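Enquirer: Just so it is clear, I am handing over run-v4.json, which has JSON, C-alpha atoms and all ligand atoms.
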```
[["chain", "number", "residue", "atom", "x", "y", "z"],
["P", 1, "MET", "CA", 20.13, -8.03, 2.91],
["P", 2, "SER", "CA", 18.59, -4.81, 1.71],
["P", 3, "PHE", "CA", 17.08, -2.19, 3.99],
["P", 4, "GLY", "CA", 16.39, 0.50, 1.43],
["P", 5, "ILE", "CA", 17.13, 0.99, -2.23],
["P", 6, "PRO", "CA", 18.83, -2.24, -3.44],
["P", 7, "ILE", "CA", 21.10, -0.60, -6.05],
["P", 8, "LEU", "CA", 22.65, 1.57, -3.31],
["P", 9, "ASP", "CA", 23.52, -1.38, -1.08],
["P", 10, "ASN", "CA", 27.13, -1.32, 0.13],
["P", 11, "LEU", "CA", 27.61, 2.22, -1.19],
["P", 12, "TYR", "CA", 26.30, 4.04, 1.89],
["P", 13, "PRO", "CA", 25.81, 2.98, 5.54],
["P", 14, "ALA", "CA", 22.08, 3.56, 5.15],
["P", 15, "THR", "CA", 19.78, 4.44, 2.27],
["P", 16, "MET", "CA", 16.35, 5.97, 2.27],
["P", 17, "ASP", "CA", 13.63, 3.56, 3.32],
["P", 18, "LEU", "CA", 10.68, 3.85, 0.94],
["P", 19, "TRP", "CA", 8.24, 1.77, 3.00],
["P", 20, "PRO", "CA", 6.38, 2.26, 6.28],
["P", 21, "ILE", "CA", 7.40, 0.43, 9.45],
["P", 22, "GLN", "CA", 4.53, -2.01, 9.90],
["P", 23, "ALA", "CA", 5.18, -3.79, 13.20],
["P", 24, "LYS", "CA", 2.39, -3.33, 15.74],
["P", 25, "GLU", "CA", 4.80, -1.79, 18.24],
["P", 26, "PHE", "CA", 5.35, 1.13, 15.87],
["P", 27, "ASN", "CA", 2.29, 1.42, 13.66],
["P", 28, "LYS", "CA", -1.29, 1.94, 14.78],
["P", 29, "VAL", "CA", -2.71, 0.67, 11.48],
["P", 30, "PHE", "CA", -0.71, -2.56, 11.55],
["P", 31, "PRO", "CA", -3.88, -4.67, 10.99],
["P", 32, "PHE", "CA", -4.05, -3.13, 7.50],
["P", 33, "TYR", "CA", -0.69, -4.73, 6.69],
["P", 34, "GLU", "CA", -1.53, -8.01, 8.44],
["P", 35, "ASN", "CA", -4.67, -8.23, 6.29],
["P", 36, "LEU", "CA", -2.69, -7.35, 3.16],
["P", 37, "LYS", "CA", -0.42, -10.34, 3.82],
["P", 38, "GLN", "CA", -3.56, -12.48, 3.47],
["P", 39, "GLY", "CA", -4.58, -10.79, 0.23],
["P", 40, "ARG", "CA", -7.25, -8.66, 1.90],
["P", 41, "PHE", "CA", -7.59, -4.94, 1.16],
["P", 42, "THR", "CA", -9.12, -3.38, 4.26],
["P", 43, "THR", "CA", -9.77, -0.09, 5.94],
["P", 44, "THR", "CA", -11.34, 1.27, 9.11],
["P", 45, "LYS", "CA", -15.03, 1.94, 9.69],
["P", 46, "CYS", "CA", -16.47, 3.84, 12.65],
["P", 47, "LYS", "CA", -18.86, 1.64, 14.62],
["P", 48, "ASP", "CA", -20.60, 4.69, 16.07],
["P", 49, "CYS", "CA", -21.33, 6.91, 13.04],
["P", 50, "GLY", "CA", -20.69, 4.46, 10.18],
["P", 51, "HIS", "CA", -18.04, 6.62, 8.50],
["P", 52, "VAL", "CA", -15.65, 4.61, 6.30],
["P", 53, "MET", "CA", -12.25, 6.20, 5.82],
["P", 54, "PHE", "CA", -9.31, 5.46, 3.55],
["P", 55, "PRO", "CA", -6.47, 5.26, 4.32],
["P", 56, "PRO", "CA", -7.31, 3.50, 7.60],
["P", 57, "ARG", "CA", -7.04, 5.44, 10.87],
["P", 58, "GLY", "CA", -5.27, 4.13, 13.90],
["P", 59, "VAL", "CA", -7.01, 5.91, 16.75],
["P", 60, "ILE", "CA", -10.10, 8.02, 16.12],
["P", 61, "CYS", "CA", -12.88, 8.60, 13.60],
["P", 62, "PRO", "CA", -12.24, 11.92, 11.81],
["P", 63, "GLU", "CA", -16.01, 12.60, 11.69],
["P", 64, "CYS", "CA", -17.19, 11.99, 15.26],
["P", 65, "TYR", "CA", -13.92, 11.43, 17.20],
["P", 66, "SER", "CA", -15.06, 8.01, 18.39],
["P", 67, "GLU", "CA", -12.33, 5.47, 19.13],
["P", 68, "ASN", "CA", -14.70, 2.64, 18.23],
["P", 69, "LEU", "CA", -13.18, 1.58, 14.89],
["P", 70, "GLU", "CA", -13.32, -1.76, 13.08],
["P", 71, "TYR", "CA", -11.61, -3.14, 9.97],
["P", 72, "ILE", "CA", -13.78, -3.91, 6.95],
["P", 73, "ASP", "CA", -12.91, -5.40, 3.57],
["P", 74, "LEU", "CA", -12.77, -3.23, 0.46],
["P", 75, "PRO", "CA", -13.15, -4.57, -3.08],
["P", 76, "THR", "CA", -9.89, -5.89, -4.57],
["P", 77, "LYS", "CA", -10.90, -5.08, -8.15],
["P", 78, "GLY", "CA", -11.54, -1.75, -9.80],
["P", 79, "LYS", "CA", -11.43, 0.21, -13.04],
["P", 80, "VAL", "CA", -8.81, 2.67, -14.31],
["P", 81, "LEU", "CA", -10.22, 6.21, -14.60],
["P", 82, "ILE", "CA", -7.03, 7.97, -15.70],
["P", 83, "PHE", "CA", -3.30, 7.28, -15.48],
["P", 84, "THR", "CA", 0.22, 8.51, -16.12],
["P", 85, "GLU", "CA", 3.15, 6.49, -17.41],
["P", 86, "GLU", "CA", 6.76, 7.49, -16.79],
["P", 87, "VAL", "CA", 9.12, 5.53, -19.01],
["P", 88, "LYS", "CA", 12.39, 7.49, -18.80],
["P", 89, "GLY", "CA", 13.97, 9.23, -15.84],
["P", 90, "VAL", "CA", 12.00, 7.43, -13.16],
["P", 91, "PRO", "CA", 13.11, 8.32, -9.61],
["P", 92, "LEU", "CA", 15.90, 6.36, -7.94],
["P", 93, "GLY", "CA", 14.60, 3.11, -6.50],
["P", 94, "TYR", "CA", 11.74, 2.72, -8.99],
["P", 95, "GLU", "CA", 11.53, 0.66, -12.16],
["P", 96, "SER", "CA", 10.36, 1.78, -15.58],
["P", 97, "PRO", "CA", 7.58, 2.06, -16.56],
["P", 98, "LEU", "CA", 6.35, 3.83, -13.44],
["P", 99, "ILE", "CA", 2.58, 3.95, -13.77],
["P", 100, "HIS", "CA", 0.24, 5.80, -11.44],
["P", 101, "ALA", "CA", -3.50, 5.65, -11.88],
["P", 102, "VAL", "CA", -6.67, 6.97, -10.37],
["P", 103, "ILE", "CA", -8.90, 3.93, -10.02],
["P", 104, "ASP", "CA", -12.51, 3.35, -8.95],
["P", 105, "LEU", "CA", -13.15, 0.44, -6.59],
["P", 106, "GLY", "CA", -16.89, 1.04, -6.82],
["P", 107, "VAL", "CA", -17.42, 2.01, -3.17],
["P", 108, "GLU", "CA", -16.82, 5.14, -1.13],
["P", 109, "PRO", "CA", -14.29, 6.38, -0.15],
["P", 110, "CYS", "CA", -12.38, 4.59, -2.93],
["P", 111, "ARG", "CA", -14.24, 5.92, -5.99],
["P", 112, "ARG", "CA", -11.12, 7.94, -6.90],
["P", 113, "MET", "CA", -8.10, 6.28, -5.37],
["P", 114, "ILE", "CA", -4.53, 6.96, -6.47],
["P", 115, "THR", "CA", -2.38, 3.85, -6.74],
["P", 116, "LYS", "CA", 0.64, 2.46, -8.51],
["P", 117, "ILE", "CA", 0.02, -0.02, -11.35],
["P", 118, "VAL", "CA", 2.50, -2.93, -11.49],
["P", 119, "ASN", "CA", 3.10, -5.95, -13.75],
["P", 120, "CYS", "CA", 2.13, -3.87, -16.77],
["P", 121, "PRO", "CA", 4.37, -3.03, -19.75],
["P", 122, "ALA", "CA", 4.48, 0.54, -21.08],
["P", 123, "GLY", "CA", 1.86, 1.49, -23.64],
["P", 124, "VAL", "CA", -0.63, -1.23, -22.76],
["P", 125, "LEU", "CA", -2.93, 0.24, -20.10],
["P", 126, "LYS", "CA", -6.14, 1.97, -21.19],
["P", 127, "ARG", "CA", -8.86, 3.94, -19.45],
["P", 128, "GLY", "CA", -11.60, 1.62, -18.26],
["P", 129, "ASP", "CA", -9.28, -1.38, -17.88],
["P", 130, "GLU", "CA", -10.01, -3.66, -14.96],
["P", 131, "VAL", "CA", -7.28, -3.89, -12.30],
["P", 132, "GLN", "CA", -6.86, -6.06, -9.24],
["P", 133, "LEU", "CA", -4.99, -5.87, -5.95],
["P", 134, "SER", "CA", -1.34, -6.97, -6.06],
["P", 135, "VAL", "CA", 0.46, -7.54, -2.75],
["P", 136, "PHE", "CA", 4.24, -7.79, -2.82],
["P", 137, "GLU", "CA", 7.07, -8.09, -0.32],
["P", 138, "VAL", "CA", 9.29, -5.09, 0.32],
["P", 139, "PRO", "CA", 12.65, -5.08, 2.15],
["P", 140, "PRO", "CA", 12.31, -6.09, 5.82],
["P", 141, "THR", "CA", 13.16, -3.58, 8.51],
["P", 142, "PRO", "CA", 15.11, -4.11, 11.74],
["P", 143, "ILE", "CA", 13.04, -3.41, 14.87],
["P", 144, "GLU", "CA", 13.92, -3.54, 18.57],
["P", 145, "LYS", "CA", 11.97, -6.25, 20.38],
["P", 146, "GLY", "CA", 12.98, -5.69, 24.01],
["P", 147, "ARG", "CA", 14.87, -8.68, 25.36],
["P", 148, "ALA", "CA", 14.55, -10.50, 22.04],
["P", 149, "GLY", "CA", 16.93, -7.89, 20.64],
["P", 150, "THR", "CA", 16.75, -6.71, 17.08],
["P", 151, "ILE", "CA", 14.62, -8.76, 14.71],
["P", 152, "MET", "CA", 13.96, -8.36, 11.01],
["P", 153, "ALA", "CA", 10.29, -7.57, 10.45],
["P", 154, "GLU", "CA", 8.80, -8.73, 7.16],
["P", 155, "ARG", "CA", 6.93, -6.09, 5.24],
["P", 156, "VAL", "CA", 4.49, -5.96, 2.36],
["P", 157, "PHE", "CA", 2.91, -3.22, 0.30],
["P", 158, "PHE", "CA", 0.20, -3.05, -2.32],
["P", 159, "ALA", "CA", -0.41, -1.80, -5.82],
["P", 160, "PHE", "CA", -2.86, -2.81, -8.52],
["P", 161, "GLU", "CA", -2.21, -4.78, -11.70],
["P", 162, "PRO", "CA", -4.17, -5.36, -14.90],
["P", 163, "VAL", "CA", -6.61, -8.28, -14.81],
["P", 164, "LYS", "CA", -5.48, -10.78, -17.44],
["P", 165, "LYS", "CA", -8.00, -10.99, -20.27],
["P", 201, "ZN", "ZN", -17.49, 8.20, 13.65]]
```
Would you put the structure from the file into structure tokens?
Ligand SMILES: [Zn+2]
Expert:
Amino acid sequence: MSFGIPILDNLYPATMDLWPIQAKEFNKVFPFYENLKQGRFTTTKCKDCGHVMFPPRGVICPECYSENLEYIDLPTKGKVLIFTEEVKGVPLGYESPLIHAVIDLGVEPCRRMITKIVNCPAGVLKRGDEVQLSVFEVPPTPIEKGRAGTIMAERVFFAFEPVKK
């Protein structure tokens, strides 16, 4: 079982973990990940002043300091504004091509959101292309669960992928 970078398994006692711990005992924005597992892309909205923030906040509204936050759905489709493609020399733990894009989901605060683009060969993506949310599993992480001992917590993360034409 892999806890970090798969190609380094069995070479070192531990490798760098690229992904956030998502269990509710350790992460105040755990609903974001729970929603992702259901294919929903969500963030927090302040019920007092209406401010919508991304990424989601776990405790207080950055505008009015209210603790009265709720999760709302964001669009799961957007358009590519600009992007970069790394084909050679991608960092350890990543696959080529490594594509990062600024995309527009059509609503604030996600009119200029940086994301990774997956399931896309090199040289194919263009400005203006439509992309959609892609949720994928990442290596589970061991967490302490009191008397239950150590359990392996499943984790997910998100990127965007081209919409098939
Ligand atoms: Zn507020």
Enquirer: Please determine, counting all atoms listed in the file, which residue among P:Phe160, P:Phe136, P:Tyr65, P:Tyr71 has the shortest atom-to-atom distance to ligand ZN 201 (chain P).
Expert: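 Among P:Phe160, P:Phe136, P:Tyr65, P:Tyr71, it is P:Tyr65 that comes nearest to ligand ZN 201 (chain P).
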Enquirer: Which chains and residue numbers are within 7 Å of ligand ZN 201 (chain P), counting all atoms listed in the file, if I want them as an mmCIF file with C-alpha atoms, keeping the file's coordinate frame?
Expert:
```
data_model
loop_
_atom_site.group_PDB
_atom_site.id
_atom_site.type_symbol
_atom_site.label_atom_id
_atom_site.label_comp_id
_atom_site.auth_asym_id
_atom_site.auth_seq_id
_atom_site.Cartn_x
_atom_site.Cartn_y
_atom_site.Cartn_z
ATOM 1 C CA CYS P 46 -16.470 3.840 12.650
ATOM 2 C CA LYS P 47 -18.860 1.640 14.620
ATOM 3 C CA ASP P 48 -20.600 4.690 16.070
ATOM 4 C CA CYS P 49 -21.330 6.910 13.040
ATOM 5 C CA GLY P 50 -20.690 4.460 10.180
ATOM 6 C CA HIS P 51 -18.040 6.620 8.500
ATOM 7 C CA CYS P 61 -12.880 8.600 13.600
ATOM 8 C CA PRO P 62 -12.240 11.920 11.810
ATOM 9 C CA GLU P 63 -16.010 12.600 11.690
ATOM 10 C CA CYS P 64 -17.190 11.990 15.260
ATOM 11 C CA TYR P 65 -13.920 11.430 17.200
ATOM 12 C CA SER P 66 -15.060 8.010 18.390
#
```
Enquirer: Between atom CA of Leu74 of chain P and atom CA of Gly58 of chain P, what is the distance, to one decimal in Å?
Expert: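 Distance between the two atoms: 17.1 Å.
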Enquirer: Measuring atom to atom with all atoms listed in the file, identify which of P:Val29, P:Val102, P:Ala148, P:Val59 is nearest to Gly128 of chain P.
Expert: P:Val102
Enquirer: Would you mind telling me which residue in P:Val131, P:Lys45, P:Val124, P:Gly146 lies nearest to Lys164 of chain P when using only C-alpha atoms?
Expert: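 That would be P:Val131, the residue with the smallest distance to Lys164 of chain P.
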Enquirer: Looking at P:Arg112, P:Cys120, P:Glu154, P:Glu161, which one is nearest to Val87 of chain P, with distances taken over only C-alpha atoms?
Expert: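 Of P:Arg112, P:Cys120, P:Glu154, P:Glu161, the one nearest Val87 of chain P is P:Cys120, counting only C-alpha atoms.
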Enquirer: In the coordinates of the file, take the point (-6.4, 3.5, 11.2) and a cut-off of 8 Å; then, counting all atoms listed in the file, name each qualifying protein, DNA or RNA residue as a list in words.
Expert: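 Taken together, the residues in range are Lys28, Val29, Phe32, Thr43, Thr44, Pro55, Pro56, Arg57, Gly58, Val59, Ile60 and Leu69 of chain P.
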Enquirer: Keeping only C-alpha atoms, write the selected residues as an mmCIF file, in the frame of the given file.
Expert:
```cif
data_model
loop_
_atom_site.group_PDB
_atom_site.id
_atom_site.type_symbol
_atom_site.label_atom_id
_atom_site.label_comp_id
_atom_site.auth_asym_id
_atom_site.auth_seq_id
_atom_site.Cartn_x
_atom_site.Cartn_y
_atom_site.Cartn_z
ATOM 1 C CA LYS P 28 -1.290 1.940 14.780
ATOM 2 C CA VAL P 29 -2.710 0.670 11.480
ATOM 3 C CA PHE P 32 -4.050 -3.130 7.500
ATOM 4 C CA THR P 43 -9.770 -0.090 5.940
ATOM 5 C CA THR P 44 -11.340 1.270 9.110
ATOM 6 C CA PRO P 55 -6.470 5.260 4.320
ATOM 7 C CA PRO P 56 -7.310 3.500 7.600
ATOM 8 C CA ARG P 57 -7.040 5.440 10.870
ATOM 9 C CA GLY P 58 -5.270 4.130 13.900
ATOM 10 C CA VAL P 59 -7.010 5.910 16.750
ATOM 11 C CA ILE P 60 -10.100 8.020 16.120
ATOM 12 C CA LEU P 69 -13.180 1.580 14.890
#
```
Enquirer: So, counting only C-alpha atoms, which residue among P:Val138, P:Ile7, P:Val163, P:Ala153 is closest to Gln22 of chain P?
Expert: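 Among P:Val138, P:Ile7, P:Val163, P:Ala153, it is P:Ala153 that comes nearest to Gln22 of chain P.
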Enquirer: Measuring between all atoms listed in the file, which one of P:Ile143, P:Val118, P:Cys110, P:Leu98 shows the shortest distance to Ala23 of chain P?
Expert: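 Smallest distance to Ala23 of chain P is found for P:Ile143.
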Enquirer: Residues around (10.0, -8.2, 5.3), cut-off 9 Å, counting all atoms listed in the file - what are they as a list in words?
Expert: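 Selection result: Glu137, Val138, Pro139, Pro140, Thr141, Met152, Ala153, Glu154, Arg155 and Val156 of chain P.
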Enquirer: For atom CA of Thr42 of chain P and atom CA of Asp104 of chain P, determine how far apart the two atoms are, in Å to one decimal place.
Expert: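 Straight-line distance from atom CA of Thr42 of chain P to atom CA of Asp104 of chain P works out to 15.2 Å.
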Enquirer: Take atom CA of Thr84 of chain P and atom CA of His100 of chain P and report the distance between them in Å, one decimal.
Expert: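 Going from atom CA of Thr84 of chain P over to atom CA of His100 of chain P covers 5.4 Å.
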Enquirer: First collect every listed atom of segment 42-53 of chain P; then fit an axis-aligned box around them, widen it by 6 Å on each side, and give centre and edge lengths in Å to one decimal, as JSON.
Expert:
```
{"center_x": -15.2, "center_y": 1.8, "center_z": 10.2, "size_x": 24.2, "size_y": 22.3, "size_z": 23.8}
```
